[in-house]
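*Asks:* Supplied structure: start-v1.cif, mmCIF, C-alpha atoms.
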data_entry
#
loop_
_atom_site.label_atom_id
_atom_site.label_comp_id
_atom_site.auth_asym_id
_atom_site.auth_seq_id
_atom_site.Cartn_x
_atom_site.Cartn_y
_atom_site.Cartn_z
CA MET D 19 105.14 86.27 77.33
CA SER D 20 107.68 87.65 74.91
CA TRP D 21 110.35 89.62 76.73
CA ALA D 22 113.31 89.53 74.33
CA ALA D 23 112.89 93.00 72.89
CA GLY D 24 112.86 94.57 76.33
CA GLY D 25 116.23 93.33 77.56
CA GLY D 26 119.63 92.01 76.52
CA PRO D 27 121.93 88.99 76.86
CA ALA D 28 122.87 88.03 80.40
CA HIS D 29 126.38 88.16 81.81
CA GLU D 30 127.47 91.10 79.65
CA GLY D 31 129.45 93.05 82.23
CA ALA D 32 132.25 95.56 82.03
CA ALA D 33 135.60 94.44 83.40
CA ASN D 34 135.25 96.81 86.34
CA GLY D 35 131.57 96.00 86.81
CA PRO D 36 129.70 93.75 89.22
CA THR D 37 131.10 90.40 90.20
CA ALA D 38 129.39 87.24 89.07
CA HIS D 39 129.30 85.60 92.51
CA GLY D 40 132.17 86.40 94.82
CA GLY D 41 131.93 88.63 97.85
CA ARG D 42 128.17 88.83 97.92
CA GLY D 43 126.40 90.13 100.96
CA VAL D 44 123.95 88.23 103.10
CA GLU D 45 120.32 89.35 103.16
CA GLY D 46 119.54 88.12 106.66
CA PRO D 47 120.16 85.51 109.36
CA GLY D 48 119.90 81.86 108.53
CA GLN D 49 120.67 82.22 104.84
CA ASP D 50 123.11 79.92 103.07
CA ARG D 51 126.34 81.27 101.66
CA PRO D 52 125.49 84.30 99.48
CA GLU D 53 127.30 82.83 96.48
CA ASP D 54 125.04 79.76 96.74
CA ALA D 55 121.94 81.95 96.89
CA ASP D 56 122.86 83.82 93.73
CA ALA D 57 123.91 80.61 92.00
CA GLU D 58 120.35 79.38 92.58
CA LEU D 59 119.11 82.44 90.74
CA ASP D 60 121.54 81.82 87.88
CA ALA D 61 120.18 78.29 87.53
CA LEU D 62 116.68 79.64 86.93
CA GLY D 63 117.69 81.43 83.75
CA PRO D 64 118.85 84.82 82.45
CA PHE D 65 115.90 86.82 83.77
CA PHE D 66 116.89 85.76 87.30
CA THR D 67 120.66 86.20 87.00
CA ILE D 68 122.17 89.16 88.83
CA GLY D 69 125.56 90.69 89.45
CA ARG D 70 126.63 92.46 92.62
CA HIS D 71 128.40 95.78 93.12
CA ASP D 72 129.77 97.81 96.00
CA PRO D 73 127.13 100.47 96.77
CA ALA D 74 129.91 102.90 97.76
CA ASP D 75 131.63 102.42 94.40
CA PRO D 76 129.01 101.76 91.68
CA PRO D 77 130.28 100.12 88.50
CA ALA D 78 131.37 102.25 85.58
CA GLY D 79 131.70 101.37 81.92
CA GLY D 80 128.38 100.38 80.37
CA TRP D 81 126.61 100.20 83.74
CA ARG D 82 124.01 102.88 84.37
CA PRO D 83 121.74 103.79 87.32
CA LEU D 84 118.28 102.34 86.75
CA ARG D 85 116.69 105.40 88.33
CA GLU D 86 117.41 107.27 85.09
CA ILE D 87 114.52 105.40 83.47
CA THR D 88 112.07 107.31 85.68
CA SER D 89 114.01 110.54 86.25
CA GLU D 90 115.46 111.35 82.82
CA PRO D 91 112.87 111.36 80.01
CA ALA D 92 115.53 111.30 77.29
CA VAL D 93 116.85 107.97 78.56
CA LEU D 94 113.44 106.33 78.38
CA ASP D 95 112.82 107.90 74.98
CA GLU D 96 116.04 106.26 73.79
CA ARG D 97 115.03 102.91 75.25
CA VAL D 98 111.59 102.89 73.65
CA ALA D 99 113.08 103.97 70.31
CA ALA D 100 115.63 101.13 70.48
CA VAL D 101 112.92 98.56 71.22
CA ARG D 102 110.85 99.98 68.37
CA GLU D 103 113.78 99.47 65.98
CA PHE D 104 114.30 95.96 67.34
CA LEU D 105 110.68 94.99 66.83
CA ALA D 106 110.61 96.49 63.35
CA ALA D 107 113.75 94.63 62.34
CA GLY D 108 112.26 91.38 63.56
CA SER D 109 109.15 91.97 61.46
CA GLY D 110 111.03 93.26 58.43
CA ILE D 111 109.22 96.61 58.41
CA PRO D 112 110.30 100.25 58.88
CA ALA D 113 110.39 101.39 62.50
CA GLY D 114 107.74 104.00 61.73
CA ARG D 115 105.19 101.24 61.18
CA VAL D 116 105.53 100.03 64.77
CA GLU D 117 103.33 102.13 67.03
CA VAL D 118 105.22 103.91 69.78
CA ARG D 119 102.79 102.64 72.41
CA VAL D 120 103.47 99.06 71.27
CA ALA D 121 107.23 99.51 71.62
CA ALA D 122 106.75 101.20 74.99
CA SER D 123 104.52 98.39 76.28
CA VAL D 124 107.00 95.70 75.18
CA ALA D 125 109.88 97.66 76.72
CA HIS D 126 107.91 98.00 79.95
CA LEU D 127 107.05 94.31 80.07
CA GLY D 128 110.68 93.35 79.53
CA MET D 129 111.88 95.70 82.25
CA ALA D 130 109.18 94.60 84.70
CA ALA D 131 110.08 90.95 84.11
CA ARG D 132 113.81 91.62 84.52
CA LEU D 133 113.38 93.45 87.83
CA THR D 134 110.73 91.29 89.45
CA SER D 135 112.08 87.84 88.54
CA PRO D 136 115.17 87.69 90.79
CA LEU D 137 113.43 89.49 93.64
CA LEU D 138 110.35 87.26 93.59
CA ALA D 139 112.60 84.20 93.47
CA THR D 140 114.62 85.50 96.41
CA ALA D 141 111.44 86.00 98.41
CA VAL D 142 110.31 82.46 97.63
CA LEU D 143 113.63 80.66 98.03
CA ARG D 144 115.05 82.69 100.93
CA GLY D 145 111.95 83.93 102.72
CA ARG D 146 113.04 87.57 102.55
CA VAL D 147 113.69 90.36 100.10
CA PRO D 148 116.39 93.04 100.20
CA ARG D 149 115.56 96.65 100.88
CA LEU D 150 116.02 98.30 97.50
CA THR D 151 114.80 101.16 95.34
CA LEU D 152 115.56 102.01 91.73
CA ASP D 153 118.42 104.17 93.04
CA ASP D 154 120.27 101.04 94.18
CA LEU D 155 120.12 99.13 90.88
CA ARG D 156 122.47 99.26 87.90
CA TRP D 157 121.76 98.00 84.36
CA GLN D 158 123.16 97.82 80.85
CA ALA D 159 120.86 98.98 78.07
CA THR D 160 121.24 95.96 75.80
CA LEU D 161 118.55 94.35 73.64
CA GLY D 162 117.59 90.84 72.63
CA GLY D 163 117.01 89.12 75.99
CA ALA D 164 117.52 89.74 79.69
CA PHE D 165 119.63 92.87 80.08
CA PRO D 166 122.44 92.71 82.67
CA LEU D 167 121.28 93.77 86.12
CA SER D 168 123.31 94.44 89.25
CA LEU D 169 122.17 94.72 92.87
CA PRO D 170 124.25 96.20 95.70
CA ARG D 171 126.12 93.96 98.07
CA SER D 172 124.72 94.18 101.57
CA GLY D 173 126.10 93.21 104.92
CA GLY D 174 122.73 92.24 106.35
CA GLY D 175 119.13 93.21 106.67
CA GLY D 176 116.44 92.21 104.27
CA THR D 177 112.73 92.32 104.82
CA ALA D 178 111.30 89.04 106.02
CA VAL D 179 108.37 87.67 104.07
CA ALA D 180 105.53 86.21 106.10
CA PRO D 181 103.53 83.25 104.78
CA PRO D 182 101.32 84.50 101.93
CA SER D 183 98.17 83.41 103.74
CA SER D 184 98.96 85.85 106.56
CA ASP D 185 98.41 89.26 105.04
CA ALA D 186 101.95 90.25 105.87
CA GLY D 187 103.54 89.76 102.47
CA ALA D 188 103.73 93.52 102.76
CA GLY D 189 107.52 93.55 102.58
CA THR D 190 107.49 91.94 99.16
CA ALA D 191 104.60 94.10 97.94
CA ALA D 192 106.34 97.25 99.14
CA LEU D 193 109.45 96.38 97.15
CA LEU D 194 108.05 94.79 94.00
CA VAL D 195 104.98 96.98 93.59
CA ASP D 196 105.38 100.25 95.49
CA ASP D 197 109.12 100.83 94.99
CA LEU D 198 109.63 99.29 91.54
CA ALA D 199 106.43 98.63 89.58
CA LEU D 200 104.59 101.88 90.30
CA PRO D 201 107.44 104.24 89.32
CA LEU D 202 108.08 102.23 86.15
CA ALA D 203 104.43 102.28 85.14
CA ALA D 204 104.23 106.03 85.71
CA ALA D 205 107.27 106.59 83.51
CA PHE D 206 105.97 104.49 80.61
CA SER D 207 102.45 105.91 80.73
CA ARG D 208 103.42 109.03 78.77
CA PHE D 209 103.86 106.93 75.62
CA GLY D 210 100.15 106.27 75.41
CA VAL D 211 100.23 102.89 77.16
CA SER D 212 97.04 102.56 79.17
CA GLU D 213 97.04 101.82 82.87
CA PRO D 214 95.29 98.43 82.40
CA ILE D 215 98.10 97.35 80.06
CA LEU D 216 100.83 98.55 82.43
CA ARG D 217 99.13 96.79 85.33
CA GLY D 218 98.73 93.66 83.20
CA ASN D 219 102.39 93.76 82.17
CA THR D 220 103.42 93.85 85.82
CA ALA D 221 101.10 91.01 86.78
CA SER D 222 102.26 88.99 83.78
CA ALA D 223 105.90 89.50 84.75
CA LEU D 224 105.25 88.23 88.27
CA ALA D 225 103.24 85.23 87.09
CA GLY D 226 105.91 84.43 84.50
CA ALA D 227 108.60 84.39 87.18
CA ALA D 228 106.45 82.07 89.32
CA ARG D 229 105.95 79.80 86.31
CA MET D 230 109.73 79.60 85.78
CA LEU D 231 110.15 78.60 89.42
CA ALA D 232 107.51 75.91 88.94
CA GLY D 233 109.26 74.66 85.81
CA ALA D 234 112.55 74.39 87.67
CA GLY D 235 110.81 72.33 90.34
CA ARG D 236 109.32 69.93 87.79
CA SER D 237 112.74 69.39 86.21
CA GLY D 238 114.34 68.69 89.58
CA GLY D 239 116.26 71.96 89.65
CA THR D 240 116.29 74.97 91.92
CA GLY D 241 113.10 75.68 93.81
CA GLY D 242 111.74 72.16 93.63
CA GLY D 243 109.50 72.65 96.64
CA SER D 244 108.76 76.29 96.03
CA ALA D 245 106.32 76.36 93.11
CA PRO D 246 103.18 76.49 95.31
CA ASP D 247 104.81 79.20 97.42
CA ALA D 248 105.61 81.24 94.31
CA ARG D 249 102.06 81.08 93.03
CA ALA D 250 100.65 81.86 96.48
CA LEU D 251 102.93 84.88 96.78
CA VAL D 252 101.91 86.15 93.33
CA GLU D 253 98.25 85.68 94.24
CA GLU D 254 98.90 87.75 97.35
CA LEU D 255 100.59 90.46 95.28
CA LEU D 256 97.64 90.50 92.87
CA ARG D 257 95.53 91.77 95.77
CA HIS D 258 97.61 94.95 95.90
CA PRO D 259 95.46 97.93 94.78
CA PHE D 260 97.68 98.53 91.72
CA LEU D 261 97.40 94.92 90.54
CA ARG D 262 93.87 94.08 91.65
CA GLY D 263 91.93 92.91 88.60
CA ALA D 264 95.02 92.82 86.35
CA GLY D 265 94.90 89.03 86.03
CA ALA D 266 94.07 85.84 87.85
CA TYR D 267 94.81 82.13 88.08
CA GLY D 268 92.20 79.64 87.05
CA GLY D 269 91.37 76.88 84.61
CA PHE D 270 93.75 74.83 82.51
CA ARG D 271 95.63 77.91 81.28
CA GLY D 272 96.83 78.87 84.71
CA PHE D 273 97.41 82.61 84.95
CA ARG D 274 95.63 84.85 82.46
CA ARG D 275 95.96 88.60 82.35
CA ARG D 276 93.00 90.85 81.61
CA SER D 277 94.78 93.02 79.07
CA CYS D 278 97.16 92.58 76.13
CA CYS D 279 100.78 93.76 75.92
CA LEU D 280 100.15 94.66 72.24
CA ILE D 281 103.18 92.85 70.84
CA TYR D 282 101.02 91.21 68.17
CA ARG D 283 100.66 94.69 66.62
CA ALA D 284 104.38 94.77 65.79
CA ALA D 285 103.77 92.26 62.97
CA PRO D 286 103.43 93.67 59.42
CA ALA D 287 99.66 93.23 59.34
CA ARG D 288 99.30 93.77 63.11
CA ASN D 289 98.19 90.17 63.50
CA GLY D 290 101.24 88.55 65.07
CA PRO D 291 101.24 85.78 67.68
CA LEU D 292 99.84 86.30 71.16
CA CYS D 293 101.48 85.61 74.50
CA GLY D 294 100.33 82.50 76.36
CA ASP D 295 98.63 84.49 79.12
CA CYS D 296 96.96 87.05 76.84
CA VAL D 297 93.33 88.02 77.35
CA LEU D 298 92.79 87.72 73.60
CA ASP D 299 92.09 84.42 71.86
CA ARG D 300 93.38 85.80 68.57
CA PRO D 301 94.70 89.18 67.36
CA ALA D 302 92.09 91.75 66.51
CA GLY D 303 91.06 91.45 62.90
CA ARG D 304 92.25 87.87 62.44
CA THR D 305 89.60 85.27 61.65
CA ARG D 306 89.93 81.63 62.54
#
Output the structure of this file as structure tokens.

*Replies:*
Amino acid sequence: MSWAAGGGPAHEGAANGPTAHGGRGVEGPGQDRPEDADAELDALGPFFTIGRHDPADPPAGGWRPLREITSEPAVLDERVAAVREFLAAGSGIPAGRVEVRVAASVAHLGMAARLTSPLLATAVLRGRVPRLTLDDLRWQATLGGAFPLSLPRSGGGGTAVAPPSSDAGAGTAALLVDDLALPLAAAFSRFGVSEPILRGNTASALAGAARMLAGAGRSGGTGGGSAPDARALVEELLRHPFLRGAGAYGGFRGFRRRSCCLIYRAAPARNGPLCGDCVLDRPAGRTR
């Protein structure tokens, strides 16, 4: 996957914004210190890193409510236009030569990856996910990597995640798919991005997060024993009606989506490189 155009550098917070670690709330009984839990996320990389804010006093400065992406069309227009400019600059072409639907798909993939990565990791590493909606999240609209993301501090709660084999991964599906992925996909669909691509972007984001967890395990880092759990949880999520048929694990390539995010079309001749999990073997029009 290529997510850089959809996000921004991690740890770019306003002075009065979310804290890096201190004072974090606990998601449920039996969890380690909250600062340790979020430090584990930091160790996985920028797409997993989160800040925390007081829900009664949301951060100001450059921090914005994430709900605006789905509720204020002008905000999403601005985001897609910024990603379009970013992609065009990277290819050395005018922004007008990058199709709007390509910029929108890349922006959607980056946002899906940024939101699902820390929450999937929390479900795998902690056995529960927090109760959240887009209203609870804050972000900074930066470009070039994983944009800064803040979750509210919580004094307790959290939805327990049952073993994936039990059919009760419903808490994770409700959060990651119903409360986050579906509203995002609906918002981006007006740019001409097809539903199969939006579904594939979401599935790709989840599988990419699971792959990062597996990589951390192989290197002896965070989540060393959790890679099989991450894949099993993603496989469970892929049975959700919205994601069913969007991609699957199998063969030496691991996960492969059944659509393309279209980023190859941002290249000057629309024959740029493909993502590792792409359904295509080569860009349309390119011969071997």

*Asks:* Select, from D:Gly218, D:Gly265, D:Gly63, D:Pro286, the residue with the minimum atom-to-atom distance to D:Leu231, counting all atoms listed in the file.

*Replies:*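 When distances to D:Leu231 are compared using all atoms listed in the file, the smallest one comes from D:Gly63.
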
*Asks:* Go ahead and compute the interatomic distance for atom CA of D:Ser109 and atom CA of D:Ala121, in Å to one decimal.

*Replies:*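 Taking atom CA of D:Ser109 and atom CA of D:Ala121, their separation equals 12.8 Å.
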
*Asks:* Do you know which residues the PyMOL selection byres ((chain D and resi 257) around 12) returns on this file, as a PDB file with C-alpha atoms, in the coordinates of the input?

*Replies:*
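result12.pdb, written as the output of this step:
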ATOM      1  CA  PRO D 182     101.320  84.500 101.930  1.00  0.00           C
ATOM      2  CA  SER D 183      98.170  83.410 103.740  1.00  0.00           C
ATOM      3  CA  ASP D 185      98.410  89.260 105.040  1.00  0.00           C
ATOM      4  CA  GLY D 187     103.540  89.760 102.470  1.00  0.00           C
ATOM      5  CA  ALA D 188     103.730  93.520 102.760  1.00  0.00           C
ATOM      6  CA  ALA D 191     104.600  94.100  97.940  1.00  0.00           C
ATOM      7  CA  VAL D 195     104.980  96.980  93.590  1.00  0.00           C
ATOM      8  CA  ALA D 221     101.100  91.010  86.780  1.00  0.00           C
ATOM      9  CA  ALA D 250     100.650  81.860  96.480  1.00  0.00           C
ATOM     10  CA  LEU D 251     102.930  84.880  96.780  1.00  0.00           C
ATOM     11  CA  VAL D 252     101.910  86.150  93.330  1.00  0.00           C
ATOM     12  CA  GLU D 253      98.250  85.680  94.240  1.00  0.00           C
ATOM     13  CA  GLU D 254      98.900  87.750  97.350  1.00  0.00           C
ATOM     14  CA  LEU D 255     100.590  90.460  95.280  1.00  0.00           C
ATOM     15  CA  LEU D 256      97.640  90.500  92.870  1.00  0.00           C
ATOM     16  CA  HIS D 258      97.610  94.950  95.900  1.00  0.00           C
ATOM     17  CA  PRO D 259      95.460  97.930  94.780  1.00  0.00           C
ATOM     18  CA  PHE D 260      97.680  98.530  91.720  1.00  0.00           C
ATOM     19  CA  LEU D 261      97.400  94.920  90.540  1.00  0.00           C
ATOM     20  CA  ARG D 262      93.870  94.080  91.650  1.00  0.00           C
ATOM     21  CA  GLY D 263      91.930  92.910  88.600  1.00  0.00           C
ATOM     22  CA  ALA D 264      95.020  92.820  86.350  1.00  0.00           C
ATOM     23  CA  GLY D 265      94.900  89.030  86.030  1.00  0.00           C
ATOM     24  CA  ALA D 266      94.070  85.840  87.850  1.00  0.00           C
TER      25      ALA D 266
END

*Asks:* So that all listed atoms of stretch 135-140 of chain D fit with 6 Å spare on each side, what axis-aligned box centre and edge lengths in Å, to one decimal, would you give as lines of an AutoDock Vina configuration file?

*Replies:*
center_x = 112.8
center_y = 86.8
center_z = 92.5
size_x = 16.8
size_y = 17.3
size_z = 19.9

*Asks:* Quick one: of D:Thr134, D:Asp299, D:Thr140, D:Phe104, who's nearest to D:Gly162, counting all atoms listed in the file?

*Replies:* D:Phe104

*Asks:* As an exercise, work out the distance from atom CA of D:Arg70 to atom CA of D:Asp247 in Å and give it to one decimal place.

*Replies:*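 Atom-to-atom, atom CA of D:Arg70 and atom CA of D:Asp247 are spaced 26.0 Å apart.
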